[in-house]
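A.B. asks: File target.csv follows (CSV, C-alpha atoms):
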chain,number,residue,atom,x,y,z
E,1,MET,CA,14.0,3.5,-7.4
E,2,LEU,CA,13.4,3.5,-3.7
E,3,ASN,CA,16.7,5.4,-3.3
E,4,ARG,CA,15.5,7.7,-6.0
E,5,LEU,CA,12.3,8.3,-4.1
E,6,ASN,CA,14.2,9.0,-0.9
E,7,LEU,CA,16.3,11.5,-2.8
E,8,LEU,CA,13.3,13.2,-4.2
E,9,THR,CA,11.6,13.3,-0.8
E,10,ARG,CA,14.5,15.2,0.6
E,11,HIS,CA,14.7,17.6,-2.4
E,12,LEU,CA,11.0,18.4,-2.9
E,13,SER,CA,11.0,20.9,-0.1
E,14,ARG,CA,14.0,22.9,-1.6
E,15,PRO,CA,15.4,25.4,-4.5
E,16,PHE,CA,18.4,26.2,-7.4
E,17,SER,CA,20.6,28.5,-9.5
E,18,PRO,CA,21.3,28.8,-13.2
E,19,TYR,CA,24.3,27.0,-14.5
E,20,ARG,CA,23.1,26.2,-18.0
E,21,PRO,CA,21.8,28.6,-20.5
E,22,THR,CA,18.2,29.1,-19.6
E,23,SER,CA,15.5,30.0,-22.0
E,24,PRO,CA,13.6,33.2,-21.2
E,25,SER,CA,10.5,31.2,-21.8
E,26,PHE,CA,10.6,29.7,-18.4
E,27,SER,CA,12.1,32.7,-16.6
E,28,THR,CA,10.0,34.9,-14.3
E,29,PRO,CA,9.6,37.8,-16.8
E,30,SER,CA,7.9,35.5,-19.3
E,31,LEU,CA,5.2,34.6,-16.9
E,32,ALA,CA,3.0,37.4,-18.3
E,33,PRO,CA,0.4,35.9,-20.7
E,34,ARG,CA,1.0,36.2,-24.4
E,35,SER,CA,-1.9,37.4,-26.5
E,36,GLY,CA,-1.4,35.1,-29.4
E,37,SER,CA,-1.4,31.8,-27.5
E,38,SER,CA,-3.5,32.8,-24.4
E,39,ALA,CA,-6.7,31.8,-26.1
E,40,MET,CA,-5.4,28.4,-27.0
E,41,THR,CA,-4.2,27.7,-23.4
E,42,SER,CA,-7.4,29.1,-21.9
E,43,ALA,CA,-9.4,26.8,-24.0
E,44,ALA,CA,-7.3,23.8,-23.1
E,45,HIS,CA,-7.5,24.6,-19.4
E,46,THR,CA,-11.2,25.2,-19.4
E,47,LYS,CA,-12.2,22.1,-21.3
E,48,PRO,CA,-14.6,20.0,-19.2
E,49,ILE,CA,-13.2,17.0,-17.4
E,50,HIS,CA,-15.2,13.8,-17.7
E,51,THR,CA,-12.5,11.1,-17.9
E,52,ALA,CA,-9.1,10.4,-16.4
E,53,ALA,CA,-6.2,8.1,-16.8
E,54,CYS,CA,-3.2,7.2,-14.5
E,55,LEU,CA,0.3,6.3,-15.7
E,56,ILE,CA,2.5,4.8,-13.0
E,57,ILE,CA,6.1,4.9,-14.1
E,58,GLY,CA,8.8,2.8,-12.4
E,59,ASP,CA,10.8,-0.4,-12.8
E,60,GLU,CA,10.6,-0.9,-9.0
E,61,VAL,CA,6.8,-1.2,-9.1
E,62,LEU,CA,6.9,-3.8,-11.9
E,63,GLY,CA,9.7,-5.6,-10.1
E,64,GLY,CA,7.6,-5.9,-6.9
E,65,LYS,CA,10.1,-3.7,-4.9
E,66,THR,CA,7.6,-0.9,-4.4
E,67,ILE,CA,3.9,-1.2,-3.9
E,68,ASP,CA,1.9,1.4,-5.9
E,69,THR,CA,-0.4,3.4,-3.6
E,70,ASN,CA,-0.7,6.4,-5.9
E,71,SER,CA,-3.2,4.9,-8.4
E,72,PRO,CA,-5.7,3.9,-5.6
E,73,TYR,CA,-5.4,7.4,-4.2
E,74,LEU,CA,-6.1,8.9,-7.6
E,75,ALA,CA,-9.1,6.5,-8.0
E,76,LYS,CA,-10.7,7.7,-4.8
E,77,PHE,CA,-9.8,11.3,-5.7
E,78,CYS,CA,-11.5,11.0,-9.1
E,79,PHE,CA,-14.5,9.2,-7.6
E,80,SER,CA,-15.0,11.9,-5.0
E,81,LEU,CA,-15.2,14.5,-7.8
E,82,GLY,CA,-17.3,12.6,-10.3
E,83,ILE,CA,-14.5,12.0,-12.7
E,84,GLU,CA,-14.5,8.6,-14.4
E,85,LEU,CA,-11.1,7.0,-14.1
E,86,LYS,CA,-11.0,4.9,-17.2
E,87,ARG,CA,-7.5,3.5,-17.2
E,88,ILE,CA,-4.5,2.7,-14.9
E,89,GLU,CA,-1.2,1.5,-16.4
E,90,VAL,CA,2.1,0.6,-14.9
E,91,ILE,CA,5.1,0.8,-17.2
E,92,PRO,CA,8.9,0.7,-16.8
E,93,ASP,CA,11.4,3.6,-16.9
E,94,ASP,CA,11.6,3.1,-20.6
E,95,GLU,CA,11.5,6.1,-23.0
E,96,GLU,CA,9.5,4.3,-25.8
E,97,ASP,CA,7.0,2.9,-23.4
E,98,ILE,CA,6.5,6.4,-21.8
E,99,ILE,CA,6.1,8.1,-25.1
E,100,GLU,CA,3.6,5.6,-26.5
E,101,ALA,CA,1.5,5.6,-23.3
E,102,VAL,CA,1.4,9.3,-22.7
E,103,ARG,CA,0.5,10.1,-26.3
E,104,ARG,CA,-2.3,7.6,-26.3
E,105,MET,CA,-3.7,8.7,-22.9
E,106,SER,CA,-3.5,12.4,-23.7
E,107,SER,CA,-5.5,11.8,-26.9
E,108,ARG,CA,-8.2,9.7,-25.2
E,109,TYR,CA,-8.8,11.2,-21.7
E,110,ASP,CA,-9.4,14.6,-20.3
E,111,PHE,CA,-7.2,14.4,-17.2
E,112,VAL,CA,-4.0,12.4,-17.3
E,113,VAL,CA,-1.8,12.0,-14.2
E,114,THR,CA,1.7,10.4,-14.3
E,115,SER,CA,3.6,9.3,-11.2
E,116,GLY,CA,7.3,8.7,-10.8
E,117,GLY,CA,10.5,9.2,-12.7
E,118,ILE,CA,11.2,12.9,-11.9
E,119,GLY,CA,14.1,12.6,-9.5
E,120,PRO,CA,17.8,13.6,-9.9
E,121,THR,CA,19.3,10.3,-11.2
E,122,HIS,CA,20.0,8.8,-14.6
E,123,ASP,CA,16.9,6.6,-14.7
E,124,ASP,CA,14.5,9.5,-13.9
E,125,ILE,CA,13.5,10.1,-17.5
E,126,THR,CA,9.8,11.0,-17.3
E,127,TYR,CA,10.3,14.7,-18.1
E,128,SER,CA,12.5,14.1,-21.1
E,129,ALA,CA,10.4,11.2,-22.4
E,130,ILE,CA,7.2,13.2,-22.2
E,131,ALA,CA,8.9,16.2,-23.8
E,132,LYS,CA,9.9,14.0,-26.7
E,133,ALA,CA,6.4,12.6,-26.9
E,134,PHE,CA,5.0,16.0,-27.9
E,135,ASN,CA,8.1,17.3,-29.8
E,136,LEU,CA,9.1,19.7,-27.0
E,137,LYS,CA,12.4,20.6,-25.5
E,138,LEU,CA,13.4,20.7,-21.8
E,139,GLU,CA,14.0,24.1,-20.3
E,140,LEU,CA,15.2,25.1,-16.9
E,141,HIS,CA,12.1,26.4,-15.0
E,142,GLN,CA,13.5,29.5,-13.3
E,143,PRO,CA,10.7,30.0,-10.8
E,144,ALA,CA,11.1,26.4,-9.6
E,145,PHE,CA,14.8,26.8,-9.5
E,146,GLU,CA,14.5,29.9,-7.3
E,147,ARG,CA,12.0,28.2,-5.0
E,148,MET,CA,14.3,25.2,-4.7
E,149,LYS,CA,17.2,27.5,-3.5
E,150,ARG,CA,14.9,29.2,-1.1
E,151,LEU,CA,13.1,26.3,0.4
E,152,SER,CA,15.6,23.5,0.4
E,153,LYS,CA,18.9,22.7,2.2
E,154,PRO,CA,21.7,20.6,0.8
E,155,HIS,CA,22.0,17.1,2.3
E,156,PRO,CA,24.4,17.0,5.3
E,157,MET,CA,26.6,14.6,3.4
E,158,GLN,CA,27.1,17.2,0.7
E,159,LEU,CA,29.5,19.2,2.8
E,160,ASN,CA,31.0,21.3,-0.1
E,161,PHE,CA,27.8,21.9,-2.0
E,162,ASP,CA,27.1,25.4,-3.1
E,163,TRP,CA,24.3,26.8,-5.2
E,164,ASP,CA,26.6,29.2,-7.0
E,165,THR,CA,29.3,26.6,-7.8
E,166,PRO,CA,28.9,24.2,-10.7
E,167,SER,CA,29.1,20.6,-9.5
E,168,PRO,CA,27.8,17.1,-10.3
E,169,GLY,CA,25.4,17.5,-7.3
E,170,LEU,CA,24.0,20.7,-8.7
E,171,THR,CA,23.7,19.1,-12.2
E,172,ALA,CA,21.7,16.3,-10.6
E,173,LYS,CA,19.4,18.8,-8.9
E,174,LEU,CA,18.9,20.7,-12.1
E,175,ARG,CA,17.4,17.6,-13.7
E,176,MET,CA,14.4,18.1,-11.4
E,177,VAL,CA,13.6,21.6,-12.6
E,178,GLU,CA,14.2,21.1,-16.4
E,179,LEU,CA,10.6,20.7,-17.6
E,180,PRO,CA,9.0,20.2,-21.0
E,181,PHE,CA,8.3,23.6,-22.5
E,182,ASP,CA,6.0,24.6,-25.4
E,183,PRO,CA,7.1,28.1,-26.7
E,184,LYS,CA,3.7,28.6,-28.3
E,185,LEU,CA,1.9,28.6,-24.9
E,186,PRO,CA,2.2,30.9,-21.8
E,187,ALA,CA,4.7,29.6,-19.3
E,188,GLU,CA,2.3,29.9,-16.3
E,189,SER,CA,0.0,27.3,-17.9
E,190,GLN,CA,2.7,24.7,-18.2
E,191,ALA,CA,3.8,24.5,-14.6
E,192,VAL,CA,1.6,25.1,-11.6
E,193,PHE,CA,2.7,25.7,-8.0
E,194,VAL,CA,0.1,24.4,-5.7
E,195,ALA,CA,1.8,24.6,-2.3
E,196,ASP,CA,3.7,27.5,-0.9
E,197,ASP,CA,6.2,25.4,1.0
E,198,LEU,CA,7.1,23.1,-1.9
E,199,TRP,CA,9.3,24.1,-4.8
E,200,VAL,CA,8.2,21.3,-7.1
E,201,PRO,CA,5.6,22.4,-9.7
E,202,VAL,CA,3.0,20.2,-11.3
E,203,ALA,CA,4.2,20.3,-14.9
E,204,VAL,CA,1.3,20.3,-17.4
E,205,VAL,CA,2.0,19.1,-21.0
E,206,ASN,CA,-0.3,19.1,-24.0
E,207,GLY,CA,-3.0,20.7,-21.9
E,208,ASN,CA,-4.0,17.6,-19.9
E,209,VAL,CA,-0.9,15.6,-18.9
E,210,HIS,CA,0.0,16.4,-15.2
E,211,ILE,CA,3.4,15.1,-14.1
E,212,LEU,CA,3.6,14.2,-10.4
E,213,PRO,CA,6.3,12.7,-8.3
E,214,GLY,CA,6.1,9.0,-7.3
E,215,VAL,CA,6.7,9.6,-3.5
E,216,PRO,CA,3.2,8.9,-2.1
E,217,ARG,CA,3.0,11.7,0.4
E,218,LEU,CA,4.1,14.2,-2.2
E,219,PHE,CA,1.9,12.7,-4.9
E,220,GLU,CA,-1.1,12.9,-2.6
E,221,ARG,CA,-0.5,16.4,-1.4
E,222,LEU,CA,0.1,17.8,-4.9
E,223,LEU,CA,-3.0,16.0,-6.3
E,224,LEU,CA,-5.2,17.2,-3.5
E,225,SER,CA,-3.9,20.8,-4.0
E,226,LEU,CA,-5.0,20.6,-7.7
E,227,LYS,CA,-8.6,20.2,-6.7
E,228,PRO,CA,-9.5,23.9,-6.7
E,229,LEU,CA,-8.2,24.2,-10.3
E,230,LEU,CA,-10.1,21.1,-11.4
E,231,ILE,CA,-13.6,21.8,-9.9
E,232,PRO,CA,-14.6,24.5,-12.3
E,233,ARG,CA,-14.0,22.1,-15.2
E,234,LEU,CA,-16.1,19.3,-13.8
E,235,THR,CA,-19.5,18.2,-15.1
E,236,ASP,CA,-20.8,19.1,-11.7
E,237,PRO,CA,-19.0,22.4,-10.9
E,238,GLU,CA,-19.8,21.9,-7.2
E,239,GLY,CA,-17.6,18.8,-7.2
E,240,LYS,CA,-20.2,16.6,-5.4
E,241,GLY,CA,-18.7,13.6,-7.1
E,242,THR,CA,-20.1,10.1,-7.7
E,243,PHE,CA,-22.3,8.2,-5.2
E,244,ARG,CA,-22.0,4.5,-4.3
E,245,LEU,CA,-24.9,2.7,-2.8
E,246,MET,CA,-24.3,-0.7,-1.3
E,247,ILE,CA,-26.8,-3.5,-0.5
E,248,SER,CA,-25.7,-6.6,1.4
E,249,THR,CA,-27.3,-9.9,0.3
E,250,PRO,CA,-27.0,-13.5,1.6
E,251,LEU,CA,-27.8,-14.8,-1.9
E,252,PRO,CA,-25.0,-16.2,-4.2
E,253,GLU,CA,-24.2,-14.2,-7.3
E,254,SER,CA,-25.7,-16.9,-9.5
E,255,ALA,CA,-29.1,-16.3,-7.8
E,256,VAL,CA,-29.1,-12.6,-8.2
E,257,ALA,CA,-27.5,-12.5,-11.7
E,258,PRO,CA,-30.8,-12.5,-13.8
E,259,TYR,CA,-32.3,-9.6,-11.8
E,260,LEU,CA,-29.1,-7.6,-11.9
E,261,THR,CA,-28.9,-8.0,-15.6
E,262,GLU,CA,-32.4,-6.6,-16.0
E,263,LEU,CA,-31.6,-3.8,-13.5
E,264,ALA,CA,-28.4,-2.8,-15.3
E,265,ALA,CA,-30.2,-2.4,-18.6
E,266,LYS,CA,-33.0,-0.4,-16.9
E,267,VAL,CA,-30.7,2.1,-15.2
E,268,GLU,CA,-27.9,2.5,-17.8
E,269,PRO,CA,-29.7,5.3,-19.6
E,270,ARG,CA,-29.6,7.3,-16.3
E,271,GLY,CA,-25.9,6.9,-16.0
E,272,ILE,CA,-26.1,4.3,-13.2
E,273,LYS,CA,-23.8,1.2,-13.1
E,274,VAL,CA,-24.8,-2.0,-11.3
E,275,GLY,CA,-22.1,-4.1,-9.7
E,276,SER,CA,-21.9,-7.4,-7.9
E,277,TYR,CA,-19.0,-8.3,-5.7
E,278,PRO,CA,-18.5,-11.7,-4.1
E,279,ARG,CA,-16.8,-11.7,-0.7
E,280,TRP,CA,-14.9,-14.9,-0.7
E,281,GLY,CA,-14.9,-16.6,2.6
E,282,LYS,CA,-17.9,-14.5,3.9
E,283,LYS,CA,-21.6,-15.4,4.1
E,284,ARG,CA,-22.8,-12.2,2.4
E,285,ASN,CA,-22.1,-10.6,-1.0
E,286,THR,CA,-22.4,-7.0,-2.1
E,287,VAL,CA,-24.5,-5.3,-4.8
E,288,THR,CA,-23.7,-1.7,-5.7
E,289,LEU,CA,-25.3,1.1,-7.6
E,290,VAL,CA,-22.9,3.8,-8.7
E,291,GLY,CA,-23.7,7.1,-10.3
E,292,ALA,CA,-24.4,10.8,-9.8
E,293,ASP,CA,-28.2,10.8,-9.9
E,294,THR,CA,-28.6,10.2,-6.1
E,295,ALA,CA,-32.4,10.8,-6.1
E,296,TYR,CA,-33.0,8.1,-8.7
E,297,MET,CA,-30.7,5.7,-7.0
E,298,GLU,CA,-32.4,6.2,-3.6
E,299,SER,CA,-35.8,5.5,-5.3
E,300,LEU,CA,-34.4,2.0,-6.3
E,301,VAL,CA,-33.3,0.9,-2.9
E,302,SER,CA,-36.5,-0.9,-1.8
E,303,GLU,CA,-36.8,-2.7,-5.2
E,304,VAL,CA,-33.2,-3.9,-5.1
E,305,GLU,CA,-33.5,-5.0,-1.4
E,306,GLU,CA,-36.5,-7.0,-2.2
E,307,ASN,CA,-35.1,-8.7,-5.3
E,308,VAL,CA,-31.8,-9.7,-3.8
E,309,GLN,CA,-33.3,-10.4,-0.3
E,310,GLY,CA,-30.8,-7.9,1.1
E,311,LYS,CA,-30.4,-4.7,3.1
E,312,ARG,CA,-28.7,-1.4,2.5
E,313,VAL,CA,-25.4,-1.0,4.3
E,314,ALA,CA,-22.8,1.7,4.8
E,315,LYS,CA,-20.0,-0.9,5.1
E,316,GLU,CA,-19.7,-4.2,3.3
E,317,ASP,CA,-19.1,-6.1,6.6
E,318,GLU,CA,-21.9,-4.4,8.4
E,319,LEU,CA,-24.2,-7.4,8.5
E,320,ASP,CA,-21.5,-10.1,8.8
E,321,PRO,CA,-22.1,-12.5,11.7
E,322,PRO,CA,-19.7,-12.3,14.7
E,323,SER,CA,-17.9,-15.4,13.3
E,324,ASP,CA,-17.6,-16.5,9.7
E,325,SER,CA,-16.6,-20.0,10.7
E,326,GLU,CA,-19.9,-21.3,9.5
E,327,HIS,CA,-20.2,-23.1,6.2
E,328,VAL,CA,-19.6,-20.8,3.2
E,329,PHE,CA,-21.7,-21.6,0.2
E,330,SER,CA,-20.6,-21.4,-3.4
E,331,GLN,CA,-21.3,-18.4,-5.6
Show me this structure written as C-alpha cells.
C.D. replies:
Amino acid sequence: MLNRLNLLTRHLSRPFSPYRPTSPSFSTPSLAPRSGSSAMTSAAHTKPIHTAACLIIGDEVLGGKTIDTNSPYLAKFCFSLGIELKRIEVIPDDEEDIIEAVRRMSSRYDFVVTSGGIGPTHDDITYSAIAKAFNLKLELHQPAFERMKRLSKPHPMQLNFDWDTPSPGLTAKLRMVELPFDPKLPAESQAVFVADDLWVPVAVVNGNVHILPGVPRLFERLLLSLKPLLIPRLTDPEGKGTFRLMISTPLPESAVAPYLTELAAKVEPRGIKVGSYPRWGKKRNTVTLVGADTAYMESLVSEVEENVQGKRVAKEDELDPPSDSEHVFSQ
C-alpha cells in the first residue's frame, strides 16, 4: 500500500471532471440545506463528544511494511481536547472487516476516525465498504471533483492525460471522489473541506464516522483542521483538554501498589485515573494522575510525593542519574 500512499500523496493536492452519471445530491446546487433533514443533521453534528475510536485500515500495516503513526497522533490530539480515546484497531483491506468494525465503532463512540484505503487503486475499498456498512451508495462528489481539477496536476508520466477525455487514469482518480452519500441528509454535512489548498474532503458518514487518508502528513493536517468544528461539541467548549501530572519515584511498583490502589478508589469519583509505569532498565518509575480537574489533582501532589517517596517531574527522565549503569532493582 506504500505505492498507494505515494499515489494518494501526489493526488491530494489536485481536482476532476464528470464522466459518470452524477447524482445531483453531491453537486454544487444541492449544497443548500433541506428543511426536512436539516434538523436531523444538526442534531447529529451538535451531539457532545466524550469518546473516540480509531480504525487503521491497511494490509501493509498488519504485514509490518508500514508503521502506523496516525493512531498515536490521534491519541495525542484527543488527549489535548479532553476526548477519551477508547479504542484503536488495525484491520486489513477487507470489506467484511471494515463493515463490522465501522458499524460497531459508530454505535459505541461519539467520534470515529478511519485512516487509509481511499486511494485510486483496486485495493482502496474504504469508501465502498463504509457505504455498504450503512446501506448507502457511492456518489461522485462534484465539489471535490472540481477542486481536484483546479488544484492538481497530472503526473508527468501521464503524458496524454486529459480531464475532459475518459481514460483508465481518470477512472482511477474518480475513485477518490466517489463518497458514501445519504440522500436523507444535506450534502454539506457529509463532506467537509477543511483546507483551501487541498481538494480532498473529510467524508462524514452516519454522523460520526470521519474518513481520512492514511498518508501521515495528510492525516495529521486534516485532523488538526477539524479542531474548530469539534471544540463546540466538547464537554469543555474551551478545549482545554486532559491534564497529566507525573511523579517520579525510586520505589518499585510492588512497593507503591497498595497506596496507589487506595488512591485510585479515592479519586475515581472525581474522574481522575491513577497510573503506574515501570521504566525498565532505569532506576526510577513513574506514577501519573490523569484528568480534567486540575485544581483537585494539584491538591494531591504533596500526598502522592510523600507516599511514593517521589517528586513531581515534567519529563519522565528528569531525575535520572547521568548514568544508568548502576544496578537496576526488580519491580
A.B. asks: Determine, counting all atoms listed in the file, every residue of protein, DNA or RNA that lies within 10 Å of (2.0, 8.5, -1.9) in the file coordinates, then give the result as a PyMOL selection string.
C.D. replies: chain E and resi 68-74+115+213-222
A.B. asks: To one decimal place, how far is atom CA of Lys282 of chain E from atom CA of Pro321 of chain E in Å?
C.D. replies: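 So the two atoms, atom CA of Lys282 of chain E and atom CA of Pro321 of chain E, lie 9.1 Å apart.
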A.B. asks: Provide the atom CA of Cys54 of chain E to atom CA of Thr288 of chain E distance in Å, to one decimal place.
C.D. replies: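 Spanning atom CA of Cys54 of chain E to atom CA of Thr288 of chain E is a straight-line distance of 24.0 Å.
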A.B. asks: May I ask for the distance between atom CA of Ile83 of chain E and atom CA of Phe111 of chain E, given in Å to one decimal place?
C.D. replies: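 Answer for the atom CA of Ile83 of chain E to atom CA of Phe111 of chain E separation: 8.9 Å.
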A.B. asks: What lies within 10 Å of Val313 of chain E using all atoms listed in the file, ignoring chain neighbours under 3 positions off, as number ranges by chain?
C.D. replies: E: 245-249, 286, 310, 316-319
A.B. asks: Could you check which of E:Pro228, E:Pro120, E:Gly58, E:Pro180 is closest to Val205 of chain E, using only C-alpha atoms?
C.D. replies: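 Residue with the minimum atom-to-atom distance to Val205 of chain E: E:Pro180.
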